[in-house]
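All remarks here apply to the structure that follows.
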Amino acid sequence: MSFRLSYRADPGNPWFSWQYVRDNSDTVLAALRDHTTLTVRAVLIAALIAVPLAVVAYWYRPLTGPILALTGVLYTVPSLALFAFVAPYLGIGVATVLTVVVLYALLVIVRNTVAGLNQVPAEVREAAEGMGYSRWGQLLRVELPLAVPGILTGLRLATVSTVALVTVGVVIGRGGLGQIIFAGFQNNLYKAQIMTGTLLCVLLALVLDLLLIGAGRLLTPWLRGRTG
Amino acid sequence: MNPVEQAVVWLNDPLNWTNPGGILDRLGEHVSMSAAAVLLGCLVAWPLGLWLGHVGRGGGLVVLVSNLTLAVPTLALLTILPLTFLGFGRPAVVIALAVFAVPPLLANAYTGVRQVDPQTREAARGMGMTGMQVLRRVELPLAVPYLAAGFRTAAVQVVATAALATFVNGGGLGEIIRFGFGLSIAVGGGQILAGGLLVAGLALTAELLFALVERLVTPRPLRRVRRRAGRRAADAVTGS
């Protein structure tokens, strides 16, 4: 390797260029739209699977270990390997990316939801029981609402890591903004293109995270005074 | 032939193992660059984490670092670093991987020192130890199980991430998967699956190996307590 200590950006290949963004706005916006819909769909599907799983783990204590272990193993499997396992069966397409990303998001949501449910105070649970709530009533009216902060932490982490993970989809040509980054890399290392893709990824993660924080504040009005 | 049979056939071809660029070559690349990255991460994160824990400040910084690295796609970092003064080749890939090893190492080193019983620390002070002596002879030994837990998390993560080095032609077992995809699924399905098995197998091996190391360096009486504490430290990393 060669260290070039007096590095300067050569004029032909700047780190960022509005010219590039303007000229390629269609491609960039399409990739951004792809990335956003993939992320949102993946997190929604993951939440629909993970929250019931967490409730099962919460109701039947002996199942907590196995459920966390299973999602933990899925989380240990490298993302590229998961693509390799899923692609031969689901083919080259959105279904493969979605499946991989959902499997990854499961662990974070399950673990945080279980943690959120577990920190519901025993007195509250007993009071609900004493008031005659059924198991489901207690879950829907008391325990889940109180677990919202935990669930939300899980969703936020899952969303941010999903935004980053979708880029690995370039291996099957469905990487959203990853396509922009990778195309820039192959296209004579065009830095402006790579940076545009990267910045949009980080921005997307930030915006979705802020939206979730906002949603959390709306859903937990009783916490506002305390943390404010 | 279904993909699983194809994968078995592919794995059973000795040439696929011993050819230049075969499994053994790729495995060597994968392990060597992962080891270098984790080592580099330790050199940066452990001293910083231990010191921050010792002075009891910088908890916010630790959380900030882990949140930032979560949001930056691996692929982006892998493609951007070679374009800086680092240039193409192994160093840029190793540094990119090391960046992802830092958060768990840092967080666990910090937590490891913070969890030391304040009374122990005061007793050490009372015996006339200086700040450095307290850190080196009291806090560091008590933090070893945490350091081991962070090491395991970091090592597994780096081994997993190193598979992506193939996108910048960085070698490693990921190459097998990417070449398989290059051949289309009908032809390369077996190779894709075989590559996936190799990468996943390596990651799980690293997980088991370092879990064992973690157990060995944790003194027996601490093991049960540590399980719970370890989960708390892991939760701290994931921000819950």
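We name chains A, B, ... following the order of the structure tokens; residues begin at 1 in each chain, and ligands are numbered from 1 as shown.
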- Query: Near segment 200-213 of chain A, counting only C-alpha atoms, which residues have an atom at most 10 Å away, once you skip same-chain residues fewer than 6 positions from it, shown as an MDAnalysis selection string?
  - Reply: (chainID A and resid 28:29 31:32 35:36 39:40 149 152:153 155:164 166:167 176:178 181 219) or (chainID B and resid 68 70:73 76)
- Item | Proximal residues of chain A relative to chain B (only C-alpha atoms; 8 Å) as number ranges by chain | A: 1-5, 7, 76-85, 87-88, 91, 112, 150, 153-154, 157, 160-161, 163-165, 167-168, 171-172, 178, 181-182, 185, 189, 191, 194-195, 198, 201-202, 205
Kindly save the residues from that selection, with C-alpha atoms included, as a PDB file, in the first residue's frame.
ATOM      1  CA  MET A   1       0.000   0.000   0.000  1.00  0.00           C
ATOM      2  CA  SER A   2       1.054   3.568  -0.435  1.00  0.00           C
ATOM      3  CA  PHE A   3       0.549   6.265   2.113  1.00  0.00           C
ATOM      4  CA  ARG A   4      -0.075   9.578   0.394  1.00  0.00           C
ATOM      5  CA  LEU A   5       0.435  11.913   3.281  1.00  0.00           C
ATOM      6  CA  TYR A   7      -3.602  14.118   0.293  1.00  0.00           C
ATOM      7  CA  THR A  76     -25.068 -14.221  15.167  1.00  0.00           C
ATOM      8  CA  VAL A  77     -25.330 -15.545  11.611  1.00  0.00           C
ATOM      9  CA  PRO A  78     -23.577 -12.963   9.398  1.00  0.00           C
ATOM     10  CA  SER A  79     -25.915 -10.995   7.147  1.00  0.00           C
ATOM     11  CA  LEU A  80     -24.210 -12.123   3.956  1.00  0.00           C
ATOM     12  CA  ALA A  81     -24.584 -15.760   5.032  1.00  0.00           C
ATOM     13  CA  LEU A  82     -28.303 -15.208   5.673  1.00  0.00           C
ATOM     14  CA  PHE A  83     -28.611 -13.841   2.147  1.00  0.00           C
ATOM     15  CA  ALA A  84     -26.812 -16.968   0.949  1.00  0.00           C
ATOM     16  CA  PHE A  85     -29.258 -19.214   2.826  1.00  0.00           C
ATOM     17  CA  ALA A  87     -31.620 -16.474  -1.898  1.00  0.00           C
ATOM     18  CA  PRO A  88     -31.474 -19.997  -3.416  1.00  0.00           C
ATOM     19  CA  GLY A  91     -34.771 -16.047  -5.634  1.00  0.00           C
ATOM     20  CA  ASN A 112     -36.443  -5.182  24.476  1.00  0.00           C
ATOM     21  CA  GLY A 150     -39.162  -0.961  25.990  1.00  0.00           C
ATOM     22  CA  THR A 153     -36.345   1.141  22.235  1.00  0.00           C
ATOM     23  CA  GLY A 154     -36.414  -2.159  20.357  1.00  0.00           C
ATOM     24  CA  LEU A 157     -32.628   0.015  17.368  1.00  0.00           C
ATOM     25  CA  VAL A 160     -31.512   2.088  12.619  1.00  0.00           C
ATOM     26  CA  SER A 161     -29.749  -1.230  12.090  1.00  0.00           C
ATOM     27  CA  VAL A 163     -31.374   0.960   7.402  1.00  0.00           C
ATOM     28  CA  ALA A 164     -27.712  -0.050   7.528  1.00  0.00           C
ATOM     29  CA  LEU A 165     -28.416  -3.691   6.769  1.00  0.00           C
ATOM     30  CA  THR A 167     -27.360  -1.945   1.874  1.00  0.00           C
ATOM     31  CA  VAL A 168     -25.989  -5.497   2.018  1.00  0.00           C
ATOM     32  CA  VAL A 171     -25.273  -8.779  -3.332  1.00  0.00           C
ATOM     33  CA  ILE A 172     -28.540  -9.547  -5.121  1.00  0.00           C
ATOM     34  CA  GLY A 178     -26.514   0.477  -1.245  1.00  0.00           C
ATOM     35  CA  ILE A 181     -22.846   3.393  -2.997  1.00  0.00           C
ATOM     36  CA  PHE A 182     -21.741   0.260  -4.790  1.00  0.00           C
ATOM     37  CA  PHE A 185     -17.456   2.278  -6.153  1.00  0.00           C
ATOM     38  CA  LEU A 189     -14.554   5.203  -7.423  1.00  0.00           C
ATOM     39  CA  LYS A 191     -16.628   9.705  -4.395  1.00  0.00           C
ATOM     40  CA  ILE A 194     -20.593   7.075  -2.672  1.00  0.00           C
ATOM     41  CA  MET A 195     -20.943   9.960  -0.234  1.00  0.00           C
ATOM     42  CA  THR A 198     -23.903   7.127   2.594  1.00  0.00           C
ATOM     43  CA  CYS A 201     -28.492   6.323   4.617  1.00  0.00           C
ATOM     44  CA  VAL A 202     -27.425   8.069   7.812  1.00  0.00           C
ATOM     45  CA  ALA A 205     -31.804   6.407   9.927  1.00  0.00           C
TER      46      ALA A 205
END
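The residue that comes closest to Ser32 of chain B, out of B:Leu48, B:Ala148, B:Val94, B:Ala7 and on the basis of only C-alpha atoms, is B:Val94.
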- Task: Write out as a VMD selection string each polymer residue whose atoms come within 12 Å of Gln138 of chain A, counting only C-alpha atoms; drop sequence neighbours fewer than 6 positions from it.
- Result: chain A and resid 59 117 120 124 to 132 144 to 146
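Taking atom CA of Thr18 of chain B and atom CA of Ala206 of chain B as endpoints, the distance between them is 22.8 Å.
Those residues that approach Val94 of chain A to within 10 Å, counting only C-alpha atoms, are Asp34, Leu38, Gly169, Ile172, Gly173, Arg174 and Gly175 of chain A; same-chain residues fewer than 6 positions away are not listed.
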- Task: Determine the nearest neighbour of Val62 of chain B from the options B:Ala45, B:Leu140, B:Leu39, B:Ala98, counting only C-alpha atoms.
- Result: B:Ala45
